[in-house]
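Each remark here refers to the structure printed beneath this line.
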Amino acid sequence: MSRRRSGSAIDRARPLAFSFDGKHYVGVAGDTLASALLANDVRLVGRSFKYHRARGIFTAGAEEPSALVELGTGARREPNSKATTVELFDGLRARSQNRWPCLHFDLMAVNQLAAPLFVAGFYYKTFMWPAAYWEKLYEPMIRRAAGLGRASGLPDPDHYEKAYAHCDLLVIGAGPAGLQAALLAGRAGLRVILAEEDFRLGGRLLAERLEVDGGPGHAWAALVEAELRSLPNVRILARTAVFGAYDGGIFGAIEKVADHVAVPPSGQPRQRVWQIVAQRTVLTAGGIERGIAFGGNDRPGVMTASAVRTYLNRFGVAVGRRVAVFTSGDDGWKTAFDLADAGIDVPFIADARVGVDEELVAQARRRGLRIEIDAVVEDATGAHGVNGAYLRSSRERRWVALDALAVSGGWNANLGLTTHLGARPVWSERAGCFLPGMPPSWMQVAGGAAGRFSLGEALRDGTLMAGAIIQELGRKAPASEAPSSSDDPHRTVPLWRVASAGGKAFVDLQHDVTVKDVELSHREGFRAVEHLKRYTTLGMATDQGKSLAVLGHAIMADLAGTTPAALGTTMPRPPQVPVAIGAFAGHHRGKNFRPERLAASHAWAERQGAPFTDAGQWKRAQYFPRPGETTWRQAVDREVMTVRTRVGVCDVSTLGKIDIQGPDAGAFLDCVYANSFSTLAVGRTRYGLMLREDGFVMDDGTTACLGERHYLMSTTTANAGAVMAHLDHCHQVLWPNLDVQMMSVTEQWAQFAVAGPDARALLEQILEPGQDIGDAALPYMGCCAVRVGGIAGRLFRLSFSGERAFEIAIPARYGAALWERLIETAERMGGAAYGTEALSVMRIEKGHVAGAELNGRTTAYDLGMGRMLSSKKDFIGRVLAARPALNEPARLRLVGLKPVDRSSMVRAGAHLVPVGERPSAANDQGYVTSVAFSPELGHMIALALLAHGPERHGERVRAYDPVRNGDTLVEICPPVFIDPEGARLRG
Amino acid sequence: MADHADLTDSARVRVLLPNETGIHALIARRGQAAALASRLGFADASRPRALRNEGHDIVAIGPGKWLIVGDVSEDVLARAHGEIAAIVGLDSAYRRLSLVGAGVRGLLAKGLPLDIETFAPGEAAVSSVAGVNLVLWMVEPDRFELAVTRSCFKSFWHWLEAAAPRLEVAGAT
């Protein structure tokens with residue numbers, strides 16, 4: 001703790017114990033991991049990505065490219081955390097990363113010897129051949145050698161949540177401009193959200209010795225924060241980084257709710273992703289200081305000048321005992337003054353400019369500083385940390401001993417969020433940096449983010465912009481002027497590189513991109529900034545190159561003989577800061593990955609040990625295994641034969657159901673179905689085929705006429721939502737003149753198929769006495785109202801299985817009770833429940849088409865239903881379905897298949913190839929869509945789409961399946977395998 | 001001016017699971033939306049969107065569409081509105097619950113994309129929470145009425161438990 005002194009935002013009375021690489025240290029409350037390490041004289045923090053060079057702490061904020069560490073242990077281990085943003089807590093455990101065996105002796109540093117080889121594009125050029133080695137050898141080898149820490153590989157034990165917020169004004173950044181804007185808007189009654197990435201509000205006011213309203217800036221910030229916290233219409237989101245700006249004033253933000261404690265408190269999430277909808281936004285994200293590309297500018301101890309001030313003033317940490325300053329602007333002088341005033345030895349202040357403000361020079365002289373005008377640092381020296389620097393002035397080149405070097409090459413506007421919606425940054429000679437282009441009308445940019453870096457400008461921006469927004473939103477702005485402040489000078493002449501540097505000069509510390517890489521990129525023709533980025537990976541790391549990448553762009557401009565203004569800079573995209581995948585997922589992981597729809601029989605099916613299949617969001621029971629059954633086929637075969645010989649019950653609640661009413665309901669159905677429905681009598685049901693506008697089949701199902709103006713349409717499970725949307729579109733857009741009303745009732749009705757020779761007998765035991773469901777009263781395709789245990793239900797005489805069958809519907813709240821009663825009764829009769837597997841076997845046996853055949857590419861003609869297309873009325877798809885190409889006999893059309901060797905397997909997806917022909921795309925005549933083992937027939941059966949299909953019954957083809965090594969000779973047959981006359985279902 | 005909801009205050013949320021009640025949809029016949037709105041007590045078709053009348057709630061769920069939540073028989077509705085509206089029984093389509101207490105807005109803000117802070121008695125919305133469709137309305141302060149898609153209720157409940165680990169659950173209204 002020898003370096004610790006008082007700071008504006010720490011509490012020295014509250015020590016916090018932590019460890020780094022297993023060694024124990026003590027920091028204080030208010031520290032970041034970076035400030036605590038520096039206070040403990042730890043400068044070497046990690047190893048670089050490619051060359052394994054020693055790396056330290058370069059900045060004091062979220063732009064940190066260098067000091068990446070692993071935090072936590074076990075499942076909570078998290079790599080690539082920026083030490084500059086990690087809030088210190090008691091017990092924090094951090095480790096360096098990307099080194100072996102240890103940080104001080106990293107054998108992988110041997111890479112530096114091969115550095116001349118490891119230039120940009122090295123991997124692409126070197127590991128080209130043999131290509132097969134890439135996945136198994138090259139990539140794993142490279143990943144081991146170059147890395148950014150390790151994920152835990154264990155399930156994340158923490159909870160993440162989402163939150164939605166709406167506000168009048170979102171202020172991004174709680175520096176002077178942000179605090180001022182939020183304060184005025186809050187006082188005016190606007191609903192304000194103030195988001196700040198740091199755990200303390202105040203921004204640079206915490207880091208500088210500037211004054212506001214005659215007092216210390218940090219004291220003013222504390223007063224403003226206290227007032228903001230007292231306003232119920234202001235929400236302060238500290239530890240919250242806004243990571244993305246999206247259309248319509250929507251922002252994404254990540255709040256680190258509990259990263260500053262070892263384990264989140266019970267019931268609290270670790271992190272929270274916010275979706276913020278703001279009417280207006282003021283971006284006050286401030287500025288980011290640039291470094292300068294000179295030799296060894298990556299050595300631990302080389303830091304931005306503002307970071308050196310921040311550690312000194314905010315955290316009370318001197319980053320060295322002998323700290324020199326190298327600058328090309330006024331900012332470096334402030335650092336030199338603060339250091340000198342704190343009693344720290346400043347061996348020189350070197351300013352690359354020829355002309356420096358006389359007042360700055362005078363101030364330096366008063367402090368006794370050695371001033372070097374028109375001078376540069378060419379190279380920093382030192383293996384594990386800077387120990388000196390070569391200073392070149394007009395007079396001499398000499399080496400100066402030092403243990404830290406503060407560097408300022410000017411400032412960048414922190415404009416990332418302005419580019420997310422396409423505003424291209426523009427170069428400003430005045431500010432010496434790129435400024436936001438034309439952000440959306442609802443976003444204003446204030447202070448440093450707009451290139452107005454002085455404190456006075458920031459406070460005035462905050463005041464003016466808040467006032468304008470308050471008025472725009474129809475509120476009365478409270479009378480207010482910007483608080484008085486010291487107006488710090490901010491003149492800069494950008495300096496991108498020191499041309500005479502001898503050592504490696506970096507323009508991207510995280511991805512190890514050097515000036516030489518930029519030069520190579522130029523030589524090889526990758527000169528546009530986006531090409532430069534991808535060729536060298538400049539700015540592609542987790543820091544997005546916020547502090548240095550612009551150096552590479554400007555150097556490229558220089559090499560290309562143009563200007564930064566002409567060459568431009570890259571456009572950052574969201575997320576602006578790294579966001580854990582877990583935070584994006586929030587609650588939606590594991591069983592909550594997406595909502596599940598559970599049918600009425602679900603609980604019973606679970607008790608039977610049924611496996612479930614997903615049908616959209618629905619969970620459908622596949623089969624119901626019984627003791628002694630060791631394979632799924634045994635259960636499915638039993639269920640099929642139970643239906644064929646006795647009675648089975650299946651939950652078909654998942655099918656879409658749409659209630660359609662109104663005087664024009666019949667006419668409407670005629671429009672949307674290819675066949676007629678207005679002629680359907682009350683108490684009757686009809687199979688309907690629905691086409692898309694392009695003439696292809698969209699969906700099928702049955703529609704029942706429940707009353708004179710009342711129909712119930714059923715859809716496939718998969719298409720229920722799409723059909724409902726289609727009907728709404730048809731009504732609202734195509735035929736708004738029709739008096740028809742529709743409502744999805746899928747959720748309202750539980751519906752169970754009761755199928756088999758004993759189906760009627762079973763239902764007669766279920767229905768209230770006196771209800772006639774005989775063939776005369778309820779013939780095939782009939783429907784009627786019924787009562788079950790005092791509850792009104794509906795009964796439909798429908799059959800998907802080909803057996804005598806019914807579907808009984810009851811309000812879903814009674815579904816579970818009815819299901820259990822049906823099963824209990826069925827089992828007494830020798831029947832059983834059956835699941836979707838048996839359902840599928842029986843529909844294939846009957847040649848009914850389903851999802852595999854209704855695949856969006858088949859027509860009614862293909863499916864053998866061409867005659868269903870009405871010639872007496874218009875309907876959606878009629879014109880385009882008549883196109884000659886859609887009625888060509890050569891189209892792939894529905895057939896049945898049987899293996900010639902009845903013991904052979906046929907697989908869905910197999911391609912159909914003529915016997916004797918080589919399997920190839922040219923000889924491909926179709927494919928198998930659905931397969932099943934028919935327990936009744938004792939062999940595999942299949943449905944397929946085959947060129948000239950119906951004309952080829954009796955022919956043989958190969959069912960060729962190269963994926964699963966299948967090659968089966970099959971016989972083409974009609975698609976209906978069982979009871980083609982339909983005697984069973986009518987009987 | 002709406003205050004910001006407190007996300008950490010789910011301890012002050014009670015979940016009431018009422019007995020199953022009647023729910024019907026009324027859908028106005030062509031050209032009858034204004035007439036039906038007026039009959040239902042909505043002088044202005046845009047506001048309010050929910051009201052309580054004689055023990056049942058009337059909730060707007062879309063242009064010309066309302067839910068009648070409460071024990072009103074279909075026959076009564078048919079006699080009253082049958083000539084200008086289609087009536088669809090939906091008592092099993094939803095599971096009803098009420099969220100009561102000062103912490104409700106903070107809880108709902110964790111899943112509902114709407115501006116829950118300005119949601120006031122008389123408001124109604126068709127929306128979703130954690131991917132589960134629901135109807136939400138308010139007829140009295142600090143109490144939100146929800147009708148949640150029945151088949152997804154378990155998923156909704158999982159979200160509720162995750163979002164508010166210290167819920168108080170009661171069976172009656």
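Note on naming: chains are A, B, ... as they come in the structure tokens, residues start from 1 per chain, ligands start from 1 in the order shown.
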Identify, with DSSP run on backbone atoms, the residues in segment 640-778 of chain A assigned to helix (DSSP H, G or I), and express the list as a PyMOL selection string. chain A and resi 640-645+665-672+720-734+759-766
Using only C-alpha atoms, which protein or nucleic acid residues come within 9 Å of Ala34 of chain B? Drop anything in the same chain fewer than 3 positions from it, and give the result as a short mmCIF file (atom, residue, chain, number, x, y, z; two decimals) with N, CA, C and O atoms, in the first residue's frame.
```
data_model
loop_
_atom_site.label_atom_id
_atom_site.label_comp_id
_atom_site.auth_asym_id
_atom_site.auth_seq_id
_atom_site.Cartn_x
_atom_site.Cartn_y
_atom_site.Cartn_z
N ALA B 28 -67.59 -7.82 -32.99
CA ALA B 28 -68.65 -7.03 -33.64
C ALA B 28 -68.87 -7.48 -35.08
O ALA B 28 -67.92 -7.79 -35.80
N GLY B 31 -69.48 -3.39 -39.38
CA GLY B 31 -70.05 -2.06 -39.19
C GLY B 31 -70.66 -1.82 -37.83
O GLY B 31 -71.29 -0.78 -37.60
N ALA B 37 -69.41 -1.18 -28.86
CA ALA B 37 -68.60 -0.48 -27.86
C ALA B 37 -69.50 0.35 -26.96
O ALA B 37 -69.37 0.35 -25.72
N SER B 38 -70.41 1.02 -27.55
CA SER B 38 -71.31 1.88 -26.78
C SER B 38 -72.16 1.06 -25.82
O SER B 38 -72.32 1.39 -24.65
N ARG B 39 -72.67 -0.07 -26.31
CA ARG B 39 -73.48 -0.93 -25.45
C ARG B 39 -72.68 -1.47 -24.28
O ARG B 39 -73.20 -1.66 -23.18
N PHE B 42 -68.30 1.64 -23.49
CA PHE B 42 -67.13 2.37 -23.98
C PHE B 42 -67.61 3.47 -24.93
O PHE B 42 -67.82 3.24 -26.12
N ALA B 43 -67.80 4.66 -24.40
CA ALA B 43 -68.29 5.75 -25.22
C ALA B 43 -67.29 6.08 -26.31
O ALA B 43 -67.64 6.33 -27.46
N ASP B 44 -66.03 6.06 -25.94
CA ASP B 44 -64.97 6.31 -26.90
C ASP B 44 -64.30 4.97 -27.17
O ASP B 44 -63.87 4.29 -26.25
N ALA B 45 -64.23 4.60 -28.43
CA ALA B 45 -63.71 3.27 -28.76
C ALA B 45 -62.24 3.10 -28.37
O ALA B 45 -61.76 1.98 -28.25
N GLY B 64 -62.91 -3.87 -32.44
CA GLY B 64 -64.20 -4.56 -32.49
C GLY B 64 -64.26 -5.85 -31.71
O GLY B 64 -65.20 -6.63 -31.87
#
```
Show me, as a tab-separated table, the residues of chain A having an atom within 6 Å of chain B, each with the closest atom pair and its distance in Å, using only C-alpha atoms.
```
residue	atom	partner	partner_atom	distance
A:Lys162	CA	B:Lys110	CA	5.4
A:Ala163	CA	B:Lys110	CA	4.1
A:Tyr164	CA	B:Ala109	CA	5.3
A:His166	CA	B:Asp115	CA	5.7
A:Pro232	CA	B:Asp3	CA	5.2
A:Asn233	CA	B:Asp3	CA	4.6
A:Gly267	CA	B:Pro165	CA	5.9
A:Pro595	CA	B:Ser155	CA	5.4
A:Glu596	CA	B:Cys152	CA	5.8
A:Arg597	CA	B:Ser151	CA	4.6
A:Leu598	CA	B:Ser151	CA	4.9
A:Asp739	CA	B:Arg30	CA	5.1
A:Glu747	CA	B:Ala93	CA	4.4
A:Gln748	CA	B:Ala93	CA	4.0
A:Pro811	CA	B:Ser92	CA	5.6
A:Ala812	CA	B:Ser92	CA	5.2
A:Arg813	CA	B:Ser92	CA	5.3
```
Go ahead and save the picked residues with N, CA, C and O atoms, as an mmCIF file, in the first residue's frame.
```cif
data_model
loop_
_atom_site.group_PDB
_atom_site.id
_atom_site.type_symbol
_atom_site.label_atom_id
_atom_site.label_comp_id
_atom_site.auth_asym_id
_atom_site.auth_seq_id
_atom_site.Cartn_x
_atom_site.Cartn_y
_atom_site.Cartn_z
ATOM 1 N N LYS A 162 -34.184 -10.229 -17.692
ATOM 2 C CA LYS A 162 -34.406 -9.121 -18.616
ATOM 3 C C LYS A 162 -35.309 -8.100 -17.947
ATOM 4 O O LYS A 162 -36.035 -8.427 -17.010
ATOM 5 N N ALA A 163 -35.255 -6.898 -18.437
ATOM 6 C CA ALA A 163 -36.171 -5.879 -17.940
ATOM 7 C C ALA A 163 -36.443 -4.896 -19.065
ATOM 8 O O ALA A 163 -35.591 -4.657 -19.924
ATOM 9 N N TYR A 164 -37.644 -4.378 -19.029
ATOM 10 C CA TYR A 164 -38.071 -3.400 -20.031
ATOM 11 C C TYR A 164 -38.319 -2.075 -19.324
ATOM 12 O O TYR A 164 -38.894 -2.046 -18.234
ATOM 13 N N HIS A 166 -39.270 2.246 -20.101
ATOM 14 C CA HIS A 166 -39.655 3.308 -21.033
ATOM 15 C C HIS A 166 -39.374 4.642 -20.342
ATOM 16 O O HIS A 166 -39.536 4.758 -19.128
ATOM 17 N N PRO A 232 -38.433 10.547 -7.810
ATOM 18 C CA PRO A 232 -38.997 9.251 -8.187
ATOM 19 C C PRO A 232 -39.105 9.054 -9.692
ATOM 20 O O PRO A 232 -39.285 7.931 -10.158
ATOM 21 N N ASN A 233 -39.024 10.138 -10.439
ATOM 22 C CA ASN A 233 -39.130 10.032 -11.898
ATOM 23 C C ASN A 233 -37.773 9.836 -12.559
ATOM 24 O O ASN A 233 -37.667 9.877 -13.783
ATOM 25 N N GLY A 267 -31.954 -14.725 -4.720
ATOM 26 C CA GLY A 267 -33.062 -14.078 -5.411
ATOM 27 C C GLY A 267 -32.646 -12.980 -6.353
ATOM 28 O O GLY A 267 -33.487 -12.413 -7.056
ATOM 29 N N PRO A 595 -41.248 -21.235 -24.318
ATOM 30 C CA PRO A 595 -42.452 -21.711 -23.646
ATOM 31 C C PRO A 595 -42.908 -23.034 -24.227
ATOM 32 O O PRO A 595 -42.733 -23.295 -25.418
ATOM 33 N N GLU A 596 -43.467 -23.855 -23.373
ATOM 34 C CA GLU A 596 -43.996 -25.140 -23.824
ATOM 35 C C GLU A 596 -45.511 -25.103 -23.735
ATOM 36 O O GLU A 596 -46.076 -24.567 -22.779
ATOM 37 N N ARG A 597 -46.151 -25.686 -24.734
ATOM 38 C CA ARG A 597 -47.613 -25.824 -24.688
ATOM 39 C C ARG A 597 -47.903 -27.278 -24.317
ATOM 40 O O ARG A 597 -47.433 -28.206 -24.985
ATOM 41 N N LEU A 598 -48.655 -27.425 -23.282
ATOM 42 C CA LEU A 598 -48.945 -28.763 -22.769
ATOM 43 C C LEU A 598 -50.406 -29.094 -23.004
ATOM 44 O O LEU A 598 -51.299 -28.319 -22.644
ATOM 45 N N ASP A 739 -69.135 -10.101 -44.032
ATOM 46 C CA ASP A 739 -69.514 -10.014 -42.612
ATOM 47 C C ASP A 739 -69.186 -11.354 -41.967
ATOM 48 O O ASP A 739 -69.997 -12.276 -41.939
ATOM 49 N N GLU A 747 -56.957 -23.132 -27.936
ATOM 50 C CA GLU A 747 -56.743 -23.266 -26.493
ATOM 51 C C GLU A 747 -58.013 -23.646 -25.757
ATOM 52 O O GLU A 747 -57.975 -24.175 -24.646
ATOM 53 N N GLN A 748 -59.148 -23.331 -26.365
ATOM 54 C CA GLN A 748 -60.418 -23.513 -25.654
ATOM 55 C C GLN A 748 -60.821 -24.981 -25.562
ATOM 56 O O GLN A 748 -61.411 -25.410 -24.577
ATOM 57 N N PRO A 811 -64.403 -28.395 -23.353
ATOM 58 C CA PRO A 811 -63.591 -27.263 -22.895
ATOM 59 C C PRO A 811 -62.352 -27.750 -22.140
ATOM 60 O O PRO A 811 -62.422 -28.661 -21.303
ATOM 61 N N ALA A 812 -61.228 -27.120 -22.454
ATOM 62 C CA ALA A 812 -59.933 -27.660 -22.031
ATOM 63 C C ALA A 812 -59.797 -27.815 -20.526
ATOM 64 O O ALA A 812 -59.046 -28.660 -20.056
ATOM 65 N N ARG A 813 -60.520 -27.003 -19.766
ATOM 66 C CA ARG A 813 -60.382 -27.121 -18.305
ATOM 67 C C ARG A 813 -60.867 -28.487 -17.811
ATOM 68 O O ARG A 813 -60.515 -28.925 -16.730
#
```
Which residues are close to Gly561 of chain A, i.e. within 12 Å by only C-alpha atoms, leaving aside same-chain residues fewer than 6 positions away? Reply as a PyMOL selection string. chain A and resi 522+527+554-555+567
Extract, using only C-alpha atoms, all DNA, RNA and protein residues at most 9 Å from segment 47-59 of chain B, discarding same-chain residues fewer than 2 positions from it, and format them as a compact mmCIF listing (two decimals) with N, CA and C atoms, in the first residue's frame.
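Ended up saving to out.txt:
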```txt
# COMPACT_ATOMS: atom_id res chain seq x y z
N LEU B 40 -71.41 -1.73 -24.54
CA LEU B 40 -70.56 -2.30 -23.49
C LEU B 40 -70.08 -1.25 -22.50
N GLY B 41 -70.34 0.00 -22.82
CA GLY B 41 -69.97 1.06 -21.88
C GLY B 41 -68.75 1.85 -22.27
N PHE B 42 -68.30 1.64 -23.49
CA PHE B 42 -67.13 2.37 -23.98
C PHE B 42 -67.61 3.47 -24.93
N ALA B 43 -67.80 4.66 -24.40
CA ALA B 43 -68.29 5.75 -25.22
C ALA B 43 -67.29 6.08 -26.31
N ASP B 44 -66.03 6.06 -25.94
CA ASP B 44 -64.97 6.31 -26.90
C ASP B 44 -64.30 4.97 -27.17
N ALA B 45 -64.23 4.60 -28.43
CA ALA B 45 -63.71 3.27 -28.76
C ALA B 45 -62.24 3.10 -28.37
N ILE B 61 -59.68 -6.34 -26.72
CA ILE B 61 -58.53 -7.16 -27.14
C ILE B 61 -58.18 -6.93 -28.61
N LYS B 65 -63.28 -6.08 -30.83
CA LYS B 65 -63.26 -7.36 -30.09
C LYS B 65 -63.09 -7.09 -28.60
N TRP B 66 -63.91 -7.75 -27.81
CA TRP B 66 -63.83 -7.61 -26.36
C TRP B 66 -63.91 -8.99 -25.70
N LEU B 67 -63.28 -9.08 -24.55
CA LEU B 67 -63.49 -10.24 -23.69
C LEU B 67 -64.45 -9.85 -22.58
N ILE B 68 -65.40 -10.72 -22.30
CA ILE B 68 -66.26 -10.54 -21.13
C ILE B 68 -65.78 -11.57 -20.12
N VAL B 69 -65.21 -11.10 -19.05
CA VAL B 69 -64.60 -11.99 -18.06
C VAL B 69 -65.47 -11.99 -16.80
N GLY B 70 -66.09 -13.09 -16.52
CA GLY B 70 -66.98 -13.18 -15.38
C GLY B 70 -68.11 -14.13 -15.71
N ASP B 71 -68.88 -14.42 -14.72
CA ASP B 71 -69.91 -15.44 -14.91
C ASP B 71 -71.15 -14.87 -15.58
N VAL B 72 -71.04 -14.68 -16.87
CA VAL B 72 -72.19 -14.28 -17.69
C VAL B 72 -72.41 -15.40 -18.69
N PRO B 121 -55.60 2.05 -14.29
CA PRO B 121 -56.95 1.49 -14.38
C PRO B 121 -57.65 2.00 -15.64
N GLY B 122 -58.30 1.06 -16.33
CA GLY B 122 -58.93 1.40 -17.60
C GLY B 122 -58.10 0.97 -18.81
N GLU B 123 -56.86 0.54 -18.55
CA GLU B 123 -55.99 0.11 -19.65
C GLU B 123 -56.12 -1.40 -19.86
N ALA B 124 -55.89 -1.83 -21.08
CA ALA B 124 -55.85 -3.26 -21.40
C ALA B 124 -54.86 -3.46 -22.53
N ALA B 125 -54.29 -4.63 -22.58
CA ALA B 125 -53.32 -4.91 -23.64
C ALA B 125 -53.30 -6.40 -23.93
N VAL B 135 -53.51 -11.71 -21.96
CA VAL B 135 -54.27 -10.46 -21.95
C VAL B 135 -54.09 -9.86 -20.57
N LEU B 136 -53.85 -8.57 -20.54
CA LEU B 136 -53.56 -7.88 -19.29
C LEU B 136 -54.47 -6.68 -19.20
N TRP B 137 -55.07 -6.49 -18.05
CA TRP B 137 -55.89 -5.30 -17.89
C TRP B 137 -55.91 -4.86 -16.44
N MET B 138 -56.45 -3.66 -16.24
CA MET B 138 -56.41 -3.07 -14.91
C MET B 138 -57.71 -2.32 -14.70
N VAL B 139 -58.37 -2.62 -13.60
CA VAL B 139 -59.59 -1.88 -13.28
C VAL B 139 -59.51 -1.25 -11.90
```
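Counting only C-alpha atoms, Met724 of chain A has the following residues at most 10 Å away, ignoring those fewer than 3 positions along the same chain: A:Gly656, A:Lys657, A:Ile658, A:Thr715, A:Asn719, A:Ala720, A:Gly721, A:Leu727, A:Asp728, A:His729, A:Cys730, A:Met742, A:Met743, A:Ser744.
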Segment 54-59 of chain A surroundings by only C-alpha atoms, 6 Å radius, close-in-sequence under 3 positions cut, as a list in words: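 Result of the neighbour search: Arg43, Leu44, Val45, Gly46, Arg47, Glu64, Ala67, Arg299, Pro300, Met303, Thr304, Ala307 and His384 of chain A.
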As an mmCIF file with N, CA, C and O atoms, in the first residue's frame, please: the residues near Leu33 of chain A (cut-off 6 Å, only C-alpha atoms, same-chain neighbours under 2 positions excluded).
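Contents of result.cif, as written:
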```cif
data_model
loop_
_atom_site.group_PDB
_atom_site.id
_atom_site.type_symbol
_atom_site.label_atom_id
_atom_site.label_comp_id
_atom_site.auth_asym_id
_atom_site.auth_seq_id
_atom_site.Cartn_x
_atom_site.Cartn_y
_atom_site.Cartn_z
ATOM 1 N N SER A 35 -6.760 -0.435 -10.144
ATOM 2 C CA SER A 35 -6.188 0.538 -9.204
ATOM 3 C C SER A 35 -5.593 -0.171 -7.997
ATOM 4 O O SER A 35 -4.554 0.233 -7.467
ATOM 5 N N ALA A 36 -6.245 -1.274 -7.569
ATOM 6 C CA ALA A 36 -5.713 -2.007 -6.425
ATOM 7 C C ALA A 36 -4.394 -2.688 -6.774
ATOM 8 O O ALA A 36 -3.472 -2.743 -5.962
ATOM 9 N N ALA A 83 -9.517 -5.432 -16.080
ATOM 10 C CA ALA A 83 -9.183 -5.094 -14.694
ATOM 11 C C ALA A 83 -9.592 -3.665 -14.362
ATOM 12 O O ALA A 83 -9.850 -3.337 -13.203
ATOM 13 N N VAL A 86 -13.346 -3.835 -13.255
ATOM 14 C CA VAL A 86 -13.752 -4.811 -12.227
ATOM 15 C C VAL A 86 -13.762 -4.109 -10.870
ATOM 16 O O VAL A 86 -12.733 -3.629 -10.397
ATOM 17 N N LEU A 88 -13.597 -3.845 -7.123
ATOM 18 C CA LEU A 88 -12.955 -4.706 -6.121
ATOM 19 C C LEU A 88 -13.934 -5.065 -5.002
ATOM 20 O O LEU A 88 -14.722 -4.220 -4.573
#
```
Taking the chain letters and numbering used in this document, name the residues of segment 149-205 of chain A that DSSP puts in strand (DSSP E or B), as a ChimeraX atom specification. /A:160-172,192-195
Just-selected residues, C-alpha atoms written as a compact mmCIF listing (two decimals), in the first residue's frame:
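Everything below was put into selection_13.txt:
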```txt
# COMPACT_ATOMS: atom_id res chain seq x y z
CA TYR A 160 -29.87 -13.59 -15.49
CA GLU A 161 -32.96 -11.58 -16.17
CA LYS A 162 -34.41 -9.12 -18.62
CA ALA A 163 -36.17 -5.88 -17.94
CA TYR A 164 -38.07 -3.40 -20.03
CA ALA A 165 -38.12 0.32 -19.35
CA HIS A 166 -39.65 3.31 -21.03
CA CYS A 167 -38.66 6.90 -20.50
CA ASP A 168 -38.86 10.40 -21.85
CA LEU A 169 -35.13 10.87 -21.74
CA LEU A 170 -32.29 8.39 -21.63
CA VAL A 171 -28.99 9.92 -20.61
CA ILE A 172 -26.04 7.69 -21.46
CA VAL A 192 -35.41 10.02 -16.93
CA ILE A 193 -33.07 7.06 -17.04
CA LEU A 194 -29.43 7.80 -16.36
CA ALA A 195 -27.20 4.89 -17.38
```
Hey, can you check how far atom CA of Arg452 of chain A sits from atom CA of Thr492 of chain A?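 We find that atom CA of Arg452 of chain A and atom CA of Thr492 of chain A lie 12.3 Å from each other.
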Which residue, A:Ala557, A:Ala816, A:Ile660, A:Leu880, has the smallest gap to Ala528 of chain A when you use only C-alpha atoms?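 For Ala528 of chain A, the nearest of the candidates is A:Ala557.
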For a quick check of understanding, using only C-alpha atoms, which of A:Arg633, A:Glu255, A:Pro884, A:Gln771 has the smallest distance to Ser934 of chain A?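 With only C-alpha atoms as the atom set, the closest residue is A:Arg633.
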